[in-house]
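Chemist: Coordinates in final_19.txt, compact mmCIF, C-alpha atoms, are listed below.
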```txt
# COMPACT_ATOMS: atom_id res chain seq x y z
CA MET A 16 11.75 24.57 32.53
CA SER A 17 12.08 26.88 29.52
CA GLY A 18 15.46 25.44 28.56
CA PRO A 19 14.34 21.82 28.00
CA VAL A 20 11.11 22.91 26.35
CA SER A 21 13.00 25.22 24.01
CA ALA A 22 15.51 22.50 23.17
CA ARG A 23 12.71 20.06 22.48
CA GLY A 24 10.98 22.57 20.21
CA GLY A 25 14.23 23.17 18.35
CA ALA A 26 14.70 19.44 17.83
CA VAL A 27 11.18 19.15 16.40
CA ARG A 28 11.77 22.09 14.05
CA GLY A 29 15.08 20.56 13.00
CA ALA A 30 13.39 17.23 12.25
CA TRP A 31 10.77 18.89 10.07
CA LEU A 32 13.41 20.96 8.24
CA VAL A 33 15.42 17.83 7.48
CA PHE A 34 12.22 16.07 6.43
CA ALA A 35 11.34 18.97 4.10
CA VAL A 36 14.70 18.84 2.34
CA GLY A 37 14.53 15.05 2.08
CA ALA A 38 11.04 15.38 0.59
CA VAL A 39 12.33 17.94 -1.95
CA ALA A 40 15.08 15.50 -2.92
CA TYR A 41 12.45 12.82 -3.49
CA VAL A 42 10.22 15.19 -5.49
CA VAL A 43 13.14 15.82 -7.83
CA THR A 44 13.84 12.07 -7.94
CA VAL A 45 10.29 11.26 -9.04
CA LEU A 46 10.51 14.03 -11.64
CA ASN A 47 13.66 12.38 -13.01
CA ARG A 48 12.17 8.89 -12.82
CA THR A 49 9.01 9.83 -14.72
CA SER A 50 10.52 12.44 -17.04
CA LEU A 51 9.72 10.23 -20.05
CA ALA A 52 6.16 9.53 -18.87
CA ALA A 53 4.48 11.94 -21.27
CA ALA A 54 7.45 12.24 -23.65
CA GLY A 55 7.42 8.73 -25.12
CA ILE A 56 6.05 9.93 -28.45
CA ASP A 57 8.50 12.87 -28.53
CA ALA A 58 11.40 10.52 -27.69
CA SER A 59 10.33 8.10 -30.42
CA GLU A 60 10.45 10.92 -32.96
CA ARG A 61 13.69 12.46 -31.65
CA PHE A 62 15.65 9.21 -31.68
CA ALA A 63 13.72 7.58 -34.59
CA VAL A 64 13.00 4.36 -32.69
CA GLY A 65 10.00 2.10 -32.01
CA ALA A 66 8.16 1.01 -28.90
CA GLY A 67 10.65 -1.73 -28.03
CA THR A 68 13.56 0.72 -27.89
CA ILE A 69 11.56 3.37 -26.03
CA GLY A 70 10.59 0.66 -23.57
CA ALA A 71 14.28 -0.21 -23.27
CA PHE A 72 14.93 3.32 -21.95
CA ALA A 73 12.65 2.68 -18.99
CA VAL A 74 13.70 -0.97 -18.65
CA LEU A 75 17.37 -0.05 -18.44
CA GLN A 76 16.57 2.64 -15.88
CA PHE A 77 14.60 0.14 -13.76
CA LEU A 78 17.27 -2.52 -14.21
CA VAL A 79 20.00 -0.23 -12.92
CA TYR A 80 17.73 0.87 -10.08
CA ALA A 81 16.98 -2.71 -9.05
CA ALA A 82 20.56 -3.93 -9.43
CA LEU A 83 21.91 -1.15 -7.20
CA GLN A 84 19.40 -1.51 -4.36
CA VAL A 85 21.39 -4.00 -2.31
CA PRO A 86 24.76 -2.23 -2.87
CA VAL A 87 23.10 1.08 -1.94
CA GLY A 88 21.65 -0.49 1.21
CA VAL A 89 25.06 -1.84 2.22
CA LEU A 90 26.76 1.50 1.51
CA MET A 91 24.07 3.31 3.50
CA ASP A 92 24.74 1.06 6.49
CA ARG A 93 28.44 1.92 6.20
CA TRP A 94 28.44 5.59 5.14
CA GLY A 95 25.07 7.00 6.18
CA PRO A 96 22.17 8.19 4.00
CA ARG A 97 23.13 11.86 3.49
CA ARG A 98 26.10 11.12 1.23
CA LEU A 99 24.01 8.83 -0.92
CA VAL A 100 21.19 11.39 -1.36
CA VAL A 101 23.72 13.98 -2.53
CA ALA A 102 25.43 11.50 -4.87
CA GLY A 103 22.05 10.49 -6.28
CA ALA A 104 21.08 14.06 -7.11
CA VAL A 105 24.43 14.66 -8.83
CA LEU A 106 24.09 11.49 -10.92
CA MET A 107 20.56 12.42 -12.01
CA ALA A 108 21.67 15.93 -12.96
CA ALA A 109 24.42 14.45 -15.13
CA GLY A 110 22.03 12.00 -16.75
CA GLN A 111 19.43 14.63 -17.63
CA PHE A 112 22.11 16.97 -19.00
CA LEU A 113 23.31 14.17 -21.30
CA LEU A 114 19.75 13.39 -22.38
CA ALA A 115 19.11 17.06 -23.10
CA VAL A 116 22.00 17.41 -25.55
CA SER A 117 21.99 13.92 -27.12
CA THR A 118 20.43 12.79 -30.36
CA ASP A 119 22.06 9.36 -30.40
CA VAL A 120 20.29 6.34 -28.91
CA SER A 121 23.42 5.08 -27.15
CA HIS A 122 23.87 8.43 -25.39
CA ALA A 123 20.22 8.42 -24.35
CA LEU A 124 20.59 4.92 -22.90
CA LEU A 125 23.64 6.03 -20.91
CA ALA A 126 21.65 9.01 -19.66
CA ARG A 127 18.92 6.70 -18.34
CA VAL A 128 21.59 4.56 -16.65
CA LEU A 129 22.78 7.63 -14.74
CA VAL A 130 19.22 8.59 -13.84
CA GLY A 131 18.49 5.06 -12.64
CA ALA A 132 21.65 5.01 -10.52
CA GLY A 133 20.81 8.34 -8.92
CA ASP A 134 17.23 7.27 -8.32
CA ALA A 135 18.46 4.06 -6.66
CA ALA A 136 20.54 6.01 -4.15
CA THR A 137 17.85 8.47 -3.12
CA PHE A 138 14.58 6.94 -1.96
CA VAL A 139 15.84 4.35 0.52
CA SER A 140 18.30 6.92 1.89
CA VAL A 141 15.54 9.46 2.51
CA LEU A 142 13.55 6.73 4.29
CA ARG A 143 16.54 6.06 6.56
CA VAL A 144 16.79 9.77 7.40
CA VAL A 145 13.10 9.75 8.36
CA THR A 146 13.62 6.64 10.53
CA ASN A 147 16.55 8.30 12.28
CA TRP A 148 14.81 11.62 12.97
CA PHE A 149 11.29 10.54 14.03
CA PRO A 150 10.02 8.19 16.78
CA PRO A 151 9.13 4.62 15.66
CA GLN A 152 5.37 5.06 16.10
CA ARG A 153 5.39 7.95 13.62
CA VAL A 154 7.61 6.32 11.00
CA PRO A 155 4.78 4.65 8.97
CA VAL A 156 2.95 7.96 8.55
CA MET A 157 6.16 9.92 7.84
CA THR A 158 7.17 7.33 5.26
CA GLN A 159 3.85 7.81 3.49
CA LEU A 160 4.31 11.59 3.67
CA VAL A 161 7.59 11.19 1.78
CA GLY A 162 5.62 9.40 -0.91
CA PHE A 163 2.87 12.04 -0.70
CA PHE A 164 5.22 14.88 -1.52
CA GLY A 165 7.17 12.79 -4.00
CA GLN A 166 4.09 12.53 -6.19
CA PHE A 167 4.45 16.21 -7.02
CA GLY A 168 7.43 15.16 -9.09
CA GLN A 169 4.96 13.25 -11.26
CA VAL A 170 2.92 16.43 -11.65
CA LEU A 171 6.04 18.28 -12.77
CA SER A 172 6.73 15.62 -15.39
CA VAL A 173 3.26 15.71 -16.97
CA VAL A 174 2.43 19.43 -16.80
CA PRO A 175 5.34 21.93 -16.86
CA LEU A 176 7.80 19.49 -18.46
CA VAL A 177 5.34 18.67 -21.25
CA ALA A 178 4.69 22.40 -21.70
CA LEU A 179 8.43 22.99 -22.03
CA LEU A 180 8.78 20.09 -24.47
CA HIS A 181 6.06 21.44 -26.73
CA GLY A 182 7.17 25.05 -26.30
CA ALA A 183 10.89 25.63 -25.79
CA GLY A 184 11.81 22.15 -27.05
CA TRP A 185 13.61 19.00 -25.91
CA THR A 186 16.96 20.45 -24.87
CA PRO A 187 15.68 23.33 -22.68
CA ALA A 188 13.14 21.00 -21.04
CA TYR A 189 15.67 18.42 -19.91
CA LEU A 190 18.27 21.05 -19.00
CA ALA A 191 15.64 22.41 -16.60
CA VAL A 192 15.28 18.95 -15.01
CA ALA A 193 19.07 18.74 -14.68
CA SER A 194 19.11 22.14 -12.96
CA PHE A 195 16.48 21.05 -10.42
CA SER A 196 18.59 17.99 -9.63
CA ALA A 197 21.70 20.09 -9.07
CA LEU A 198 19.73 22.42 -6.78
CA ALA A 199 18.52 19.43 -4.76
CA ALA A 200 22.13 18.29 -4.31
CA VAL A 201 23.11 21.70 -2.94
CA LEU A 202 20.16 21.77 -0.51
CA CYS A 203 21.04 18.31 0.80
CA VAL A 204 24.67 19.31 1.38
CA LEU A 205 23.57 22.38 3.34
CA VAL A 206 20.68 20.98 5.40
CA LEU A 207 20.34 17.20 5.38
CA ARG A 208 21.88 15.28 8.31
CA ASP A 209 21.94 11.55 9.02
CA ALA A 210 20.52 11.86 12.55
CA PRO A 211 19.70 14.48 15.21
CA PRO A 212 22.69 16.08 16.98
CA GLY A 213 24.00 13.79 19.70
CA ALA A 214 21.95 10.79 18.58
CA PRO A 215 23.83 7.57 17.89
CA VAL A 216 23.94 6.59 14.23
CA ALA A 217 23.86 2.86 13.51
CA ARG A 218 26.78 2.19 11.16
CA SER A 219 27.86 -1.23 9.95
CA VAL A 220 31.62 -1.51 9.80
CA VAL A 221 31.76 -5.26 9.25
CA PRO A 222 34.06 -6.50 6.48
CA LEU A 223 32.48 -6.79 3.07
CA ARG A 224 32.88 -10.57 3.19
CA ARG A 225 30.29 -10.62 5.98
CA VAL A 226 27.78 -8.59 4.02
CA ALA A 227 26.50 -11.66 2.14
CA GLY A 228 25.96 -13.42 5.46
CA ASP A 229 23.95 -10.49 6.80
CA LEU A 230 21.82 -10.45 3.66
CA ARG A 231 21.15 -14.17 3.99
CA GLU A 232 20.12 -13.67 7.60
CA THR A 233 17.82 -10.85 6.51
CA LEU A 234 16.17 -13.07 3.92
CA ARG A 235 15.68 -15.85 6.49
CA GLN A 236 13.23 -13.61 8.31
CA PRO A 237 9.72 -14.45 7.04
CA GLY A 238 8.67 -10.86 7.77
CA THR A 239 11.32 -9.65 5.35
CA ARG A 240 9.99 -12.00 2.67
CA LEU A 241 6.47 -10.75 3.36
CA GLY A 242 7.77 -7.24 2.70
CA LEU A 243 9.49 -8.39 -0.49
CA TRP A 244 6.35 -9.92 -1.97
CA SER A 245 4.21 -7.00 -0.81
CA HIS A 246 6.49 -4.67 -2.71
CA TRP A 247 6.45 -6.95 -5.74
CA ALA A 248 2.66 -7.08 -6.03
CA THR A 249 1.62 -3.47 -5.48
CA PRO A 250 3.62 -0.86 -7.45
CA PHE A 251 4.41 -2.33 -10.87
CA SER A 252 1.07 -1.40 -12.47
CA GLY A 253 1.39 2.23 -11.43
CA ASN A 254 5.10 2.39 -12.24
CA ALA A 255 4.60 1.13 -15.79
CA PHE A 256 1.57 3.34 -16.29
CA ALA A 257 3.09 6.54 -14.92
CA THR A 258 6.64 6.06 -16.15
CA LEU A 259 6.06 5.19 -19.79
CA TRP A 260 2.97 3.39 -21.08
CA GLY A 261 0.02 5.24 -19.54
CA TYR A 262 0.17 8.25 -21.83
CA PRO A 263 0.34 6.26 -25.12
CA PHE A 264 -2.39 3.91 -23.85
CA LEU A 265 -4.70 6.81 -23.08
CA VAL A 266 -3.98 8.85 -26.22
CA SER A 267 -3.45 6.21 -28.92
CA GLY A 268 -5.45 3.37 -27.35
CA GLN A 269 -8.33 5.07 -25.56
CA GLN A 270 -8.52 7.99 -28.03
CA LEU A 271 -8.21 10.73 -25.41
CA SER A 272 -6.77 14.13 -26.23
CA ALA A 273 -3.30 15.04 -24.98
CA ALA A 274 -4.93 17.36 -22.44
CA GLY A 275 -7.27 14.60 -21.28
CA ALA A 276 -4.43 12.14 -20.84
CA SER A 277 -2.38 14.70 -18.91
CA ALA A 278 -5.39 15.37 -16.69
CA LEU A 279 -5.72 11.66 -15.86
CA LEU A 280 -1.99 11.39 -15.13
CA THR A 281 -2.37 14.38 -12.84
CA LEU A 282 -5.31 12.63 -11.17
CA TYR A 283 -3.02 9.63 -10.71
CA THR A 284 -0.56 11.82 -8.85
CA VAL A 285 -3.22 13.37 -6.65
CA ALA A 286 -4.71 9.98 -5.80
CA ALA A 287 -1.32 8.54 -4.88
CA ALA A 288 -0.54 11.57 -2.74
CA VAL A 289 -3.88 11.59 -0.91
CA SER A 290 -4.04 7.85 -0.28
CA GLY A 291 -0.52 7.70 1.15
CA PRO A 292 -1.21 9.25 4.58
CA VAL A 293 -4.43 7.22 4.83
CA ILE A 294 -2.54 3.96 4.31
CA GLY A 295 0.20 5.11 6.69
CA THR A 296 -2.37 5.80 9.41
CA LEU A 297 -4.01 2.40 8.88
CA VAL A 298 -0.63 0.66 9.12
CA ALA A 299 0.25 2.52 12.32
CA ARG A 300 -3.12 1.71 13.94
CA HIS A 301 -3.43 -1.89 12.73
CA PRO A 302 0.10 -3.32 12.40
CA LEU A 303 -1.23 -6.90 12.47
CA ARG A 304 -3.48 -6.16 9.48
CA ARG A 305 -0.85 -4.82 7.08
CA SER A 306 -1.02 -7.78 4.71
CA TRP A 307 -4.78 -7.32 4.27
CA ILE A 308 -4.16 -3.74 3.17
CA VAL A 309 -1.72 -5.00 0.55
CA LEU A 310 -4.10 -7.70 -0.69
CA ALA A 311 -6.96 -5.19 -0.93
CA VAL A 312 -4.80 -2.88 -3.06
CA VAL A 313 -3.87 -5.72 -5.41
CA ALA A 314 -7.48 -6.91 -5.71
CA GLY A 315 -8.67 -3.41 -6.58
CA GLN A 316 -6.04 -2.97 -9.28
CA ALA A 317 -6.73 -6.36 -10.88
CA LEU A 318 -10.50 -5.77 -10.88
CA LEU A 319 -10.34 -2.32 -12.50
CA TRP A 320 -7.84 -3.41 -15.15
CA ALA A 321 -10.05 -6.39 -15.97
CA LEU A 322 -13.05 -4.08 -16.46
CA VAL A 323 -11.13 -1.63 -18.66
CA LEU A 324 -9.43 -4.27 -20.80
CA ALA A 325 -12.69 -6.22 -21.28
CA HIS A 326 -14.69 -3.14 -22.29
CA PRO A 327 -15.59 -3.18 -26.00
CA GLY A 328 -13.98 -0.17 -27.61
CA PRO A 329 -12.57 2.80 -25.69
CA ALA A 330 -13.65 2.78 -22.04
CA PRO A 331 -15.76 5.62 -20.58
CA VAL A 332 -13.71 8.44 -19.10
CA ALA A 333 -15.27 7.80 -15.68
CA LEU A 334 -14.05 4.20 -15.73
CA LEU A 335 -10.57 5.30 -16.83
CA ALA A 336 -10.51 7.85 -14.02
CA LEU A 337 -11.46 5.15 -11.50
CA LEU A 338 -8.74 2.91 -12.92
CA VAL A 339 -6.16 5.67 -12.55
CA VAL A 340 -7.16 6.27 -8.92
CA VAL A 341 -7.01 2.59 -7.96
CA VAL A 342 -3.71 1.99 -9.76
CA ALA A 343 -2.25 5.05 -8.05
CA VAL A 344 -2.99 3.56 -4.62
CA GLY A 345 -0.47 0.84 -5.44
CA VAL A 346 2.43 3.24 -4.95
CA PRO A 347 1.68 4.11 -1.30
CA GLY A 348 0.48 0.53 -0.85
CA SER A 349 3.97 -0.67 -1.73
CA MET A 350 5.35 1.31 1.22
CA VAL A 351 3.83 -1.31 3.52
CA GLY A 352 6.57 -3.64 2.29
CA PHE A 353 9.20 -1.34 3.79
CA ASP A 354 7.35 -1.39 7.09
CA PHE A 355 7.50 -5.18 7.14
CA ALA A 356 11.25 -5.01 6.49
CA ARG A 357 11.76 -2.35 9.18
CA THR A 358 9.94 -4.27 11.90
CA SER A 359 11.57 -7.61 11.04
CA ASN A 360 15.26 -6.61 11.19
CA PRO A 361 17.70 -4.96 13.60
CA ALA A 362 18.97 -1.45 12.87
CA HIS A 363 22.35 -2.54 11.48
CA ARG A 364 20.63 -4.61 8.75
CA LEU A 365 17.95 -2.09 7.77
CA GLY A 366 19.83 -0.80 4.73
CA GLY A 367 20.15 -4.24 3.20
CA ALA A 368 16.55 -5.16 4.13
CA THR A 369 15.20 -1.96 2.57
CA GLY A 370 17.28 -2.47 -0.56
CA LEU A 371 16.12 -6.06 -0.99
CA THR A 372 12.50 -4.97 -0.58
CA ASN A 373 12.86 -2.21 -3.15
CA VAL A 374 14.41 -4.62 -5.65
CA MET A 375 11.22 -6.63 -5.85
CA GLY A 376 8.85 -3.85 -6.88
CA PHE A 377 11.17 -2.52 -9.51
CA THR A 378 11.96 -5.98 -10.85
CA ALA A 379 8.25 -6.53 -11.42
CA SER A 380 8.01 -3.03 -12.94
CA LEU A 381 10.94 -3.78 -15.23
CA LEU A 382 9.34 -7.02 -16.43
CA LEU A 383 6.04 -5.27 -17.15
CA VAL A 384 7.54 -2.25 -18.93
CA LEU A 385 9.68 -4.50 -21.12
CA GLY A 386 6.85 -6.96 -21.68
CA ILE A 387 4.42 -4.27 -22.84
CA GLY A 388 6.93 -2.90 -25.34
CA LEU A 389 7.74 -6.35 -26.71
CA ALA A 390 4.07 -7.33 -26.85
CA LEU A 391 3.28 -4.22 -28.89
CA ASP A 392 6.16 -4.90 -31.27
CA LEU A 393 5.13 -8.55 -31.74
CA GLN A 394 1.63 -7.40 -32.72
CA GLY A 395 2.97 -4.92 -35.26
CA ALA A 396 1.93 -1.99 -33.07
CA GLY A 397 5.32 -0.75 -31.95
CA THR A 398 5.27 2.86 -33.17
CA PRO A 399 2.98 5.83 -32.45
CA GLU A 400 1.55 5.47 -35.96
CA THR A 401 0.59 1.81 -35.41
CA TYR A 402 -0.59 1.83 -31.77
CA ARG A 403 -4.07 0.33 -31.45
CA LEU A 404 -6.38 -0.58 -28.60
CA ASP A 405 -6.50 -4.35 -29.10
CA ALA A 406 -2.69 -4.50 -29.00
CA PHE A 407 -2.65 -2.51 -25.76
CA ARG A 408 -5.21 -4.93 -24.30
CA TRP A 409 -2.97 -7.96 -24.78
CA ALA A 410 0.09 -6.04 -23.63
CA PHE A 411 -1.45 -4.80 -20.36
CA ALA A 412 -2.88 -8.29 -19.67
CA LEU A 413 0.70 -9.26 -18.75
CA GLN A 414 -0.01 -7.73 -15.34
CA PHE A 415 -2.20 -10.62 -14.21
CA PRO A 416 0.53 -13.30 -14.01
CA LEU A 417 2.69 -10.87 -12.03
CA TRP A 418 -0.14 -10.31 -9.55
CA ALA A 419 -0.68 -14.06 -9.23
CA VAL A 420 2.97 -14.64 -8.34
CA GLY A 421 2.92 -11.78 -5.84
CA VAL A 422 -0.25 -12.86 -4.07
CA ALA A 423 1.05 -16.43 -3.76
CA GLY A 424 4.27 -15.10 -2.21
CA ILE A 425 2.33 -12.91 0.21
CA LEU A 426 0.10 -15.74 1.40
CA VAL A 427 2.98 -18.17 1.95
CA SER A 428 5.25 -15.68 3.72
CA ARG A 429 2.35 -14.35 5.80
CA ARG A 430 1.61 -17.84 7.11
CA ARG A 431 5.26 -18.31 8.09
CA THR A 432 5.44 -14.86 9.65
CA ARG A 433 2.40 -15.57 11.79
CA ALA A 434 3.88 -18.92 12.85
CA LEU A 435 7.04 -17.14 13.98
CA LEU A 436 5.01 -14.50 15.85
CA ALA A 437 3.08 -17.27 17.61
CA THR A 438 6.35 -18.68 18.99
CA GLN A 439 7.00 -15.20 20.42
CA GLY A 440 3.59 -15.05 22.09
CA VAL A 441 1.90 -12.86 19.44
CA VAL A 442 -1.23 -14.47 18.00
CA VAL A 443 -2.85 -12.79 15.02
CA PRO A 444 -6.63 -13.33 15.22
CA ARG A 445 -8.58 -14.25 12.12
CA MET A 446 -9.98 -11.30 10.21
CA ARG A 447 -13.57 -12.38 10.96
CA ASP A 448 -12.87 -12.51 14.70
CA ALA A 449 -11.06 -9.18 14.62
CA VAL A 450 -13.97 -7.50 12.83
CA ARG A 451 -16.44 -8.88 15.36
CA ARG A 452 -14.29 -7.65 18.24
CA ASP A 453 -14.00 -4.18 16.70
CA LEU A 454 -17.76 -3.98 16.19
CA ALA A 455 -18.37 -5.05 19.78
CA ALA A 456 -15.97 -2.43 21.06
CA ARG A 457 -17.68 0.30 19.01
CA ARG A 458 -21.09 -0.74 20.30
CA ALA A 459 -19.78 -0.68 23.87
CA ARG A 460 -18.41 2.83 23.38
CA ALA A 461 -21.69 3.95 21.83
CA GLY A 462 -23.59 2.51 24.79
CA ARG A 463 -21.51 4.56 27.20
```
What would you get if you wrote out this structure as structure tokens?

Modeler:
Amino acid sequence: MSGPVSARGGAVRGAWLVFAVGAVAYVVTVLNRTSLAAAGIDASERFAVGAGTIGAFAVLQFLVYAALQVPVGVLMDRWGPRRLVVAGAVLMAAGQFLLAVSTDVSHALLARVLVGAGDAATFVSVLRVVTNWFPPQRVPVMTQLVGFFGQFGQVLSVVPLVALLHGAGWTPAYLAVASFSALAAVLCVLVLRDAPPGAPVARSVVPLRRVAGDLRETLRQPGTRLGLWSHWATPFSGNAFATLWGYPFLVSGQQLSAAGASALLTLYTVAAAVSGPVIGTLVARHPLRRSWIVLAVVAGQALLWALVLAHPGPAPVALLALLVVVVAVGVPGSMVGFDFARTSNPAHRLGGATGLTNVMGFTASLLLVLGIGLALDLQGAGTPETYRLDAFRWAFALQFPLWAVGVAGILVSRRRTRALLATQGVVVPRMRDAVRRDLAARRARAGR
């Protein structure tokens, strides 16, 4: 008996080791993704550009990320996730090295292209590794744990990176980020594996001409479309806030100190990290209620932004803190979209389904980041010297049309998903009936 037990224990330890290295790779990825989060003012001064151009740095990064999601998904189905995680870390290291030594805007834009490409290859690949190494019933929680640890990359970008920027300077700060990326690549080469030893690895070896057909079949699944719209509606507010515009909004718009703004961005990271496992547990326990979780996240974000933007003058710090917490929940909330894609497609199409889902959230993020920058420029508030609160109000109001589109997509695709489930013998009860049944069950247990 000791042999099988020992082997099983070794497999579990191996899974957690692989998970740990994948999580480290994602921490470094989030650090790269948000490395301009608190450096927008420094970047504006270094490259002598306004808000529109600074916004273009993040927009170009998001654009590359979104454009590469489907190709990355297809390549992952063909080559496996490990190679893509390593390639992503190498690309990000190269991009940050170029950003560290450049003073020309064109070089900085190329650097963000490399960072966006490396970022695109990493997250979905780490998710595939998790899917391959852990049983299906644990995947929702493990996926959220990836996001949980990834948020520490945000902490690195707003605390030690800012300290380096204001101490050692621009070049040493971004050379440090490049070094972390290179270290992550080495760790992934040494430890990361596509699947447990002896386990079959689903690889798609179909000709490339059939890839488009597979993607069309993936999109025909209403559950996939539900995942797409879920990922559209939930993360863009947090992505725009944490990646670029949150720090200027808090400092130049809400009149907080640099330390106060950094503290709120750190709170954002903590809230995203803590809420992730909670949402993952809810998804695992109530798989037929996933869309309600998404809609609740969107409603909370829209309500808090409405309160902050409607407040006369700078908002109270407590209200800003509540806003930051609610917006942060959108990041783990967006992971529900990947769960819809996972449960609606066979294994050989998961890469494409995951890539398509990821495109949506970052397309919405791209539109918002670009829109905020353009809105500030159009109001004559496009530089750190001219930022003002009323201009930020109109710029951040661009979120509401994006939420409206997302919620409409969720409601339509949810109805079609439930109709398909009904043909398969799965009937989703109305929320009111489900709540009554849950209350009755709790009362029965209490009576026992």

Chemist: Rank A:Leu179, A:Val74, A:Ala108, A:Val206 by their smallest atom-to-atom distance to Gly386 of chain A, using all atoms listed in the file, and report the top residue only.

Modeler: A:Val74

Chemist: Using only C-alpha atoms, find the one residue out of A:Ser172, A:Asn47, A:Ser140, A:Ser121 that sits nearest to Leu99 of chain A.

Modeler: A:Ser140

Chemist: Within 12 Å of (10.0, 13.2, -17.8) in the file's own coordinates, which protein, DNA or RNA residues have an atom, counting all atoms listed in the file? List them as a JSON list (two decimals) with C-alpha atoms, in the frame of the given file.

Modeler:
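Below is the file that was written, selection08.json:
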```
[["chain", "number", "residue", "atom", "x", "y", "z"],
["A", 43, "VAL", "CA", 13.14, 15.82, -7.83],
["A", 44, "THR", "CA", 13.84, 12.07, -7.94],
["A", 45, "VAL", "CA", 10.29, 11.26, -9.04],
["A", 46, "LEU", "CA", 10.51, 14.03, -11.64],
["A", 47, "ASN", "CA", 13.66, 12.38, -13.01],
["A", 48, "ARG", "CA", 12.17, 8.89, -12.82],
["A", 49, "THR", "CA", 9.01, 9.83, -14.72],
["A", 50, "SER", "CA", 10.52, 12.44, -17.04],
["A", 51, "LEU", "CA", 9.72, 10.23, -20.05],
["A", 52, "ALA", "CA", 6.16, 9.53, -18.87],
["A", 53, "ALA", "CA", 4.48, 11.94, -21.27],
["A", 54, "ALA", "CA", 7.45, 12.24, -23.65],
["A", 55, "GLY", "CA", 7.42, 8.73, -25.12],
["A", 56, "ILE", "CA", 6.05, 9.93, -28.45],
["A", 57, "ASP", "CA", 8.50, 12.87, -28.53],
["A", 58, "ALA", "CA", 11.40, 10.52, -27.69],
["A", 72, "PHE", "CA", 14.93, 3.32, -21.95],
["A", 73, "ALA", "CA", 12.65, 2.68, -18.99],
["A", 111, "GLN", "CA", 19.43, 14.63, -17.63],
["A", 114, "LEU", "CA", 19.75, 13.39, -22.38],
["A", 115, "ALA", "CA", 19.11, 17.06, -23.10],
["A", 127, "ARG", "CA", 18.92, 6.70, -18.34],
["A", 130, "VAL", "CA", 19.22, 8.59, -13.84],
["A", 168, "GLY", "CA", 7.43, 15.16, -9.09],
["A", 169, "GLN", "CA", 4.96, 13.25, -11.26],
["A", 170, "VAL", "CA", 2.92, 16.43, -11.65],
["A", 171, "LEU", "CA", 6.04, 18.28, -12.77],
["A", 172, "SER", "CA", 6.73, 15.62, -15.39],
["A", 173, "VAL", "CA", 3.26, 15.71, -16.97],
["A", 174, "VAL", "CA", 2.43, 19.43, -16.80],
["A", 175, "PRO", "CA", 5.34, 21.93, -16.86],
["A", 176, "LEU", "CA", 7.80, 19.49, -18.46],
["A", 177, "VAL", "CA", 5.34, 18.67, -21.25],
["A", 178, "ALA", "CA", 4.69, 22.40, -21.70],
["A", 179, "LEU", "CA", 8.43, 22.99, -22.03],
["A", 180, "LEU", "CA", 8.78, 20.09, -24.47],
["A", 185, "TRP", "CA", 13.61, 19.00, -25.91],
["A", 188, "ALA", "CA", 13.14, 21.00, -21.04],
["A", 189, "TYR", "CA", 15.67, 18.42, -19.91],
["A", 190, "LEU", "CA", 18.27, 21.05, -19.00],
["A", 191, "ALA", "CA", 15.64, 22.41, -16.60],
["A", 192, "VAL", "CA", 15.28, 18.95, -15.01],
["A", 193, "ALA", "CA", 19.07, 18.74, -14.68],
["A", 257, "ALA", "CA", 3.09, 6.54, -14.92],
["A", 258, "THR", "CA", 6.64, 6.06, -16.15],
["A", 259, "LEU", "CA", 6.06, 5.19, -19.79],
["A", 262, "TYR", "CA", 0.17, 8.25, -21.83]]
```

Chemist: Which residue is closest to Tyr41 of chain A? Choose from A:Thr186, A:Gln166, A:Gln84, A:Ser194 and count all atoms listed in the file.

Modeler: A:Gln166

Chemist: Check the smallest atom-to-atom distance from each of A:Leu205, A:Leu389, A:Ala248, A:Leu404 to Gly315 of chain A using all atoms listed in the file, then report the winner.

Modeler: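 Ranking A:Leu205, A:Leu389, A:Ala248, A:Leu404 by distance to Gly315 of chain A, first place goes to A:Ala248.
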
Chemist: Calculated over all atoms listed in the file, which of the candidates A:Leu279, A:Ala288, A:Leu391, A:Ala81 has the smallest distance to Leu160 of chain A?

Modeler: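 For Leu160 of chain A, the nearest of the candidates is A:Ala288.
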
Chemist: Check the smallest atom-to-atom distance from each of A:Trp244, A:Phe355, A:Phe256, A:Phe167 to Val427 of chain A using only C-alpha atoms, then report the winner.

Modeler: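 Going through A:Trp244, A:Phe355, A:Phe256, A:Phe167 one by one, the smallest distance to Val427 of chain A is for A:Trp244.
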
Chemist: Find the distance between atom CA of Leu90 of chain A and atom CA of Gly366 of chain A and write it in Å to one decimal.

Modeler: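 Separating atom CA of Leu90 of chain A from atom CA of Gly366 of chain A is a distance of 8.0 Å.
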
Chemist: Please, what distance in Å, to one decimal, runs between atom CA of Phe163 of chain A and atom CA of Gly37 of chain A?

Modeler: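 So the answer is 12.4 Å.
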
Chemist: Kindly extract all protein, DNA and RNA residues lying within 10 Å of the coordinates (16.2, 22.3, -3.3) given in the file, considering all atoms listed in the file, and supply them as a ChimeraX atom specification.

Modeler: /A:35-40,42-43,195-203,205-206

Chemist: Please indicate the distance in Å from atom CA of Met91 of chain A to atom CA of Gly103 of chain A, rounded to one decimal place.

Modeler: 12.3 Å

Chemist: Excluding Met157 of chain A and its own-chain neighbours fewer than 3 positions away, which residues fall within 12 Å of it when counting all atoms listed in the file? Please give them as a PyMOL selection string.

Modeler: chain A and resi 30-31+34-35+37-38+141-154+160-164+291-296+298-299+347+350+354

Chemist: For Gly345 of chain A, please output as a ChimeraX atom specification all residues within 8 Å (counting all atoms listed in the file; exclusion window: fewer than 3 positions along the same chain).

Modeler: /A:249-253,287,312-313,316,341-342,348-349
